[in-house]
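Chemist: Handing you this structure, nothing more for now.
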Amino acid sequence: MPIEPSLLSSLTWFAHIARNRSFTKAATEMEVTRAALSQHLKGLERHLNVRLLNRTTRDMSLTEEGQRLLDVLQPALTSIERAVRELGEANAEPSGLIRINTSRVAARLLLEPRMDEFLARHPRLRLELVMNDGFSNIVADGLDAGIRLGESLDEHMIAAPVTPMLEMAIVGSPAYFARHGVPETPEDLMRHNCLAYRFTSSGTIDRWSFTSPDAEARTVVLDPKGNAVFNDDDSMVRAAIRGIGLVQHIDLCVRQHLADGSLVRVLKPWCRPFPGFFLYVPSRAQMPAKIRALMDFLIEQREQLAMESRAGATAQGGEQGKPKTAGGA
């Protein structure tokens, strides 16, 4: 017959009394009153219909039945205490496997560049990146966390921003602009070779959306009509660097190419900031140490990305310089 759950606490308290051979010491150790311990012991003895302790005003000793019960309880309680202690230690130091669902863009921007630093800080951690451009139900899929753009998350999702505000940037090579001129408005893009990106999850083409910089703030949405389509952003950017056409990409992802001059940004006033990437998790309650470590690291990196973005904007005078056209303008 299984033990009644109510007996478990009484058995534990009996073991503490027996080990200390003192109600007072046991009460101090367990941070309860001496009277509470005495009541639990009496209740246990009544339930078992056996006397476990011989006690006087000055002395205490185990009965034969009490000693037999303690001999069984002691190793079991020791094993439980060790397991609880080890579990607490595991939670104190991040350890184990973190399975993260992430888009390839987010992985290249946020995880891959500083993965070595993160794993060096937490040598007992392992990462598994599950690449998927579509949104994932991390609970149903057995994952620990996900990284997605804020606009794709439900408002009730437990999430923390891990990048500053982002912008979509329209970029091309200096050579391309020298041959084809510089678009001044989104409508001008109809005369340019706009290279498209196809989402692997949905199969849809990423549309280019703009907001006018004037008071009307009108929205212009275009379907890129170029001679190439990509489902890999690195390949798409390399095509733009080679002068094949214009591409739309997240500003942070092309920042280095803008800095070294291999790409030039246009239509910046038409590209409004939007919420960046977020780390989303199943629950904020009892968050495992490994997930807290990942969240803290990405939030720390967000501040670094924000400083680098401000530095880049300052270096460029807050505006991208206009590329030279074939006419030398």
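As shown in the structure tokens, the chain order sets the letters A, B, ...; within each chain, residues go from 1, and ligands are also counted from 1 in the order they appear.
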Please identify all polymer residues within 10 Å of segment 103-115 of chain A, counting only C-alpha atoms, omitting same-chain residues fewer than 3 positions from it, and present them as a PyMOL selection string.

Modeler: chain A and resi 100+118-121+127+129-135+146-149+162-163+232-234+249-250+252-253+277-278+297-298+301-302+305

Chemist: Can you write just those residues out, N, CA, C and O atoms, as a compact mmCIF listing (two decimals), in the first residue's frame?

Modeler:
# COMPACT_ATOMS: atom_id res chain seq x y z
N ILE A 100 17.51 26.29 -29.74
CA ILE A 100 16.98 27.60 -30.13
C ILE A 100 16.46 27.53 -31.56
O ILE A 100 17.18 27.14 -32.48
N PHE A 118 30.18 33.38 -25.80
CA PHE A 118 29.12 32.90 -24.92
C PHE A 118 29.47 31.53 -24.34
O PHE A 118 29.32 31.30 -23.13
N LEU A 119 29.96 30.62 -25.18
CA LEU A 119 30.28 29.28 -24.71
C LEU A 119 31.52 29.28 -23.82
O LEU A 119 31.65 28.43 -22.93
N ALA A 120 32.42 30.24 -24.04
CA ALA A 120 33.59 30.35 -23.16
C ALA A 120 33.16 30.82 -21.76
O ALA A 120 33.72 30.38 -20.75
N ARG A 121 32.16 31.69 -21.70
CA ARG A 121 31.66 32.15 -20.41
C ARG A 121 30.96 31.03 -19.65
O ARG A 121 30.99 30.98 -18.42
N LEU A 127 24.82 24.47 -27.39
CA LEU A 127 23.78 25.11 -28.20
C LEU A 127 23.41 24.22 -29.37
O LEU A 127 24.27 23.61 -30.01
N LEU A 129 21.19 25.01 -32.81
CA LEU A 129 20.45 25.99 -33.58
C LEU A 129 19.54 25.27 -34.57
O LEU A 129 20.02 24.51 -35.41
N VAL A 130 18.25 25.51 -34.44
CA VAL A 130 17.26 24.92 -35.34
C VAL A 130 16.82 26.02 -36.29
O VAL A 130 16.06 26.91 -35.93
N MET A 131 17.34 25.98 -37.52
CA MET A 131 17.09 27.05 -38.49
C MET A 131 15.72 26.89 -39.13
O MET A 131 15.39 25.83 -39.67
N ASN A 132 14.93 27.96 -39.06
CA ASN A 132 13.60 27.93 -39.64
C ASN A 132 13.13 29.37 -39.80
O ASN A 132 13.04 30.10 -38.81
N ASP A 133 12.83 29.78 -41.02
CA ASP A 133 12.39 31.16 -41.25
C ASP A 133 10.98 31.40 -40.74
O ASP A 133 10.57 32.54 -40.54
N GLY A 134 10.21 30.33 -40.51
CA GLY A 134 8.84 30.50 -40.03
C GLY A 134 8.80 30.52 -38.51
O GLY A 134 9.71 30.06 -37.82
N PHE A 135 7.70 31.04 -37.98
CA PHE A 135 7.53 31.09 -36.53
C PHE A 135 7.32 29.69 -36.00
O PHE A 135 6.65 28.87 -36.61
N GLY A 146 13.28 30.87 -28.82
CA GLY A 146 13.25 31.21 -30.24
C GLY A 146 13.65 32.66 -30.43
O GLY A 146 13.58 33.46 -29.49
N ILE A 147 14.09 33.01 -31.62
CA ILE A 147 14.44 34.39 -31.96
C ILE A 147 13.68 34.77 -33.22
O ILE A 147 13.81 34.10 -34.25
N ARG A 148 12.88 35.82 -33.12
CA ARG A 148 12.09 36.29 -34.25
C ARG A 148 11.94 37.81 -34.18
O ARG A 148 12.12 38.42 -33.13
N LEU A 149 11.57 38.41 -35.31
CA LEU A 149 11.26 39.83 -35.33
C LEU A 149 10.02 40.09 -34.48
O LEU A 149 9.08 39.29 -34.44
N VAL A 162 16.31 41.84 -28.23
CA VAL A 162 17.74 41.55 -28.22
C VAL A 162 18.50 42.32 -29.31
O VAL A 162 19.69 42.07 -29.54
N THR A 163 17.82 43.24 -29.97
CA THR A 163 18.48 44.19 -30.87
C THR A 163 17.83 45.56 -30.65
O THR A 163 16.71 45.63 -30.14
N ASP A 232 18.42 32.72 -49.70
CA ASP A 232 19.55 32.83 -48.78
C ASP A 232 20.04 34.27 -48.82
O ASP A 232 20.40 34.78 -49.89
N ASP A 233 20.03 34.93 -47.66
CA ASP A 233 20.34 36.36 -47.67
C ASP A 233 21.81 36.64 -47.99
O ASP A 233 22.12 37.66 -48.61
N ASP A 234 22.72 35.75 -47.61
CA ASP A 234 24.13 35.96 -47.95
C ASP A 234 24.35 35.95 -49.45
O ASP A 234 25.09 36.79 -50.00
N HIS A 249 17.48 44.66 -47.24
CA HIS A 249 17.93 43.83 -46.13
C HIS A 249 17.93 44.66 -44.85
O HIS A 249 17.89 45.89 -44.89
N ILE A 250 18.01 43.99 -43.72
CA ILE A 250 18.08 44.67 -42.42
C ILE A 250 19.37 45.48 -42.35
O ILE A 250 20.44 44.99 -42.72
N LEU A 252 21.41 46.40 -39.99
CA LEU A 252 22.55 45.85 -39.25
C LEU A 252 23.27 44.75 -40.03
O LEU A 252 24.48 44.56 -39.87
N CYS A 253 22.54 44.05 -40.89
CA CYS A 253 23.14 42.95 -41.64
C CYS A 253 24.06 43.43 -42.76
O CYS A 253 24.90 42.66 -43.24
N PHE A 277 14.72 42.19 -33.33
CA PHE A 277 14.59 40.79 -32.97
C PHE A 277 14.34 40.65 -31.46
O PHE A 277 14.84 41.42 -30.66
N PHE A 278 13.54 39.63 -31.12
CA PHE A 278 13.23 39.31 -29.74
C PHE A 278 13.58 37.86 -29.46
O PHE A 278 13.45 36.99 -30.34
N PHE A 297 23.00 37.52 -22.00
CA PHE A 297 24.08 37.73 -22.99
C PHE A 297 23.56 38.49 -24.20
O PHE A 297 24.22 39.43 -24.70
N LEU A 298 22.39 38.12 -24.71
CA LEU A 298 21.85 38.79 -25.90
C LEU A 298 21.44 40.22 -25.59
O LEU A 298 21.58 41.10 -26.45
N GLN A 301 24.52 42.19 -25.60
CA GLN A 301 24.94 42.40 -26.98
C GLN A 301 24.09 43.47 -27.66
O GLN A 301 24.58 44.21 -28.52
N ARG A 302 22.81 43.55 -27.27
CA ARG A 302 21.92 44.58 -27.85
C ARG A 302 22.49 45.97 -27.60
O ARG A 302 22.46 46.83 -28.49
N LEU A 305 25.32 46.53 -29.97
CA LEU A 305 24.83 46.79 -31.32
C LEU A 305 24.29 48.21 -31.44
O LEU A 305 24.49 48.87 -32.47

Chemist: Residues of segment 208-285 of chain A in helix (DSSP H, G or I) according to DSSP, as a list in words?

Modeler: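 Those in segment 208-285 of chain A that DSSP calls helix (DSSP H, G or I) are Asp233, Asp234, Ser235, Met236, Val237, Arg238, Ala239, Ala240, Ile241, Asp251, Leu252, Cys253, Val254, Arg255, Gln256, His257, Leu258, Ala259, Asp260, Lys268, Pro269 and Trp270 of chain A.
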
Chemist: Selected residues, N, CA and C atoms, written as a short mmCIF file (atom, residue, chain, number, x, y, z; two decimals), in the first residue's frame, please.

Modeler:
data_model
loop_
_atom_site.label_atom_id
_atom_site.label_comp_id
_atom_site.auth_asym_id
_atom_site.auth_seq_id
_atom_site.Cartn_x
_atom_site.Cartn_y
_atom_site.Cartn_z
N ASP A 233 20.03 34.93 -47.66
CA ASP A 233 20.34 36.36 -47.67
C ASP A 233 21.81 36.64 -47.99
N ASP A 234 22.72 35.75 -47.61
CA ASP A 234 24.13 35.96 -47.95
C ASP A 234 24.35 35.95 -49.45
N SER A 235 23.71 35.03 -50.14
CA SER A 235 23.83 34.98 -51.60
C SER A 235 23.24 36.23 -52.23
N MET A 236 22.12 36.68 -51.70
CA MET A 236 21.47 37.89 -52.20
C MET A 236 22.38 39.11 -52.05
N VAL A 237 23.02 39.25 -50.89
CA VAL A 237 23.90 40.38 -50.66
C VAL A 237 25.13 40.31 -51.57
N ARG A 238 25.67 39.11 -51.77
CA ARG A 238 26.84 38.98 -52.66
C ARG A 238 26.48 39.38 -54.08
N ALA A 239 25.26 39.07 -54.49
CA ALA A 239 24.82 39.48 -55.84
C ALA A 239 24.76 41.00 -55.93
N ALA A 240 24.30 41.67 -54.88
CA ALA A 240 24.26 43.13 -54.89
C ALA A 240 25.67 43.71 -54.93
N ILE A 241 26.59 43.13 -54.19
CA ILE A 241 27.98 43.61 -54.18
C ILE A 241 28.59 43.48 -55.58
N ASP A 251 19.26 46.71 -41.85
CA ASP A 251 20.41 47.62 -41.87
C ASP A 251 21.62 47.04 -41.13
N LEU A 252 21.41 46.40 -39.99
CA LEU A 252 22.55 45.85 -39.25
C LEU A 252 23.27 44.75 -40.03
N CYS A 253 22.54 44.05 -40.89
CA CYS A 253 23.14 42.95 -41.64
C CYS A 253 24.06 43.43 -42.76
N VAL A 254 23.88 44.67 -43.19
CA VAL A 254 24.73 45.19 -44.28
C VAL A 254 25.63 46.32 -43.80
N ARG A 255 25.68 46.53 -42.50
CA ARG A 255 26.44 47.65 -41.93
C ARG A 255 27.90 47.61 -42.35
N GLN A 256 28.53 46.44 -42.29
CA GLN A 256 29.94 46.35 -42.63
C GLN A 256 30.18 46.67 -44.10
N HIS A 257 29.28 46.23 -44.96
CA HIS A 257 29.42 46.51 -46.39
C HIS A 257 29.23 48.00 -46.69
N LEU A 258 28.37 48.64 -45.91
CA LEU A 258 28.21 50.09 -46.06
C LEU A 258 29.47 50.81 -45.58
N ALA A 259 30.05 50.30 -44.51
CA ALA A 259 31.24 50.95 -43.95
C ALA A 259 32.43 50.84 -44.89
N ASP A 260 32.59 49.70 -45.57
CA ASP A 260 33.75 49.54 -46.46
C ASP A 260 33.49 50.02 -47.88
N LYS A 268 16.89 56.13 -47.71
CA LYS A 268 16.87 56.00 -46.24
C LYS A 268 15.71 56.76 -45.60
N PRO A 269 15.37 57.99 -46.04
CA PRO A 269 14.24 58.70 -45.39
C PRO A 269 12.92 57.95 -45.50
N TRP A 270 12.81 57.04 -46.45
CA TRP A 270 11.57 56.30 -46.66
C TRP A 270 11.51 55.02 -45.81
#

Chemist: DSSP on the backbone: which residues in segment 86-291 of chain A end up as strand (DSSP E or B)? Give the answer as JSON, numbers by chain.

Modeler: {"A": [96, 97, 98, 99, 100, 101, 102, 125, 126, 127, 128, 129, 130, 131, 145, 146, 147, 148, 149, 158, 159, 160, 161, 166, 168, 169, 170, 171, 172, 194, 196, 197, 198, 205, 208, 209, 210, 211, 219, 220, 221, 222, 229, 230, 246, 247, 248, 249, 250, 264, 265, 266, 274, 277, 278, 279, 280, 281]}
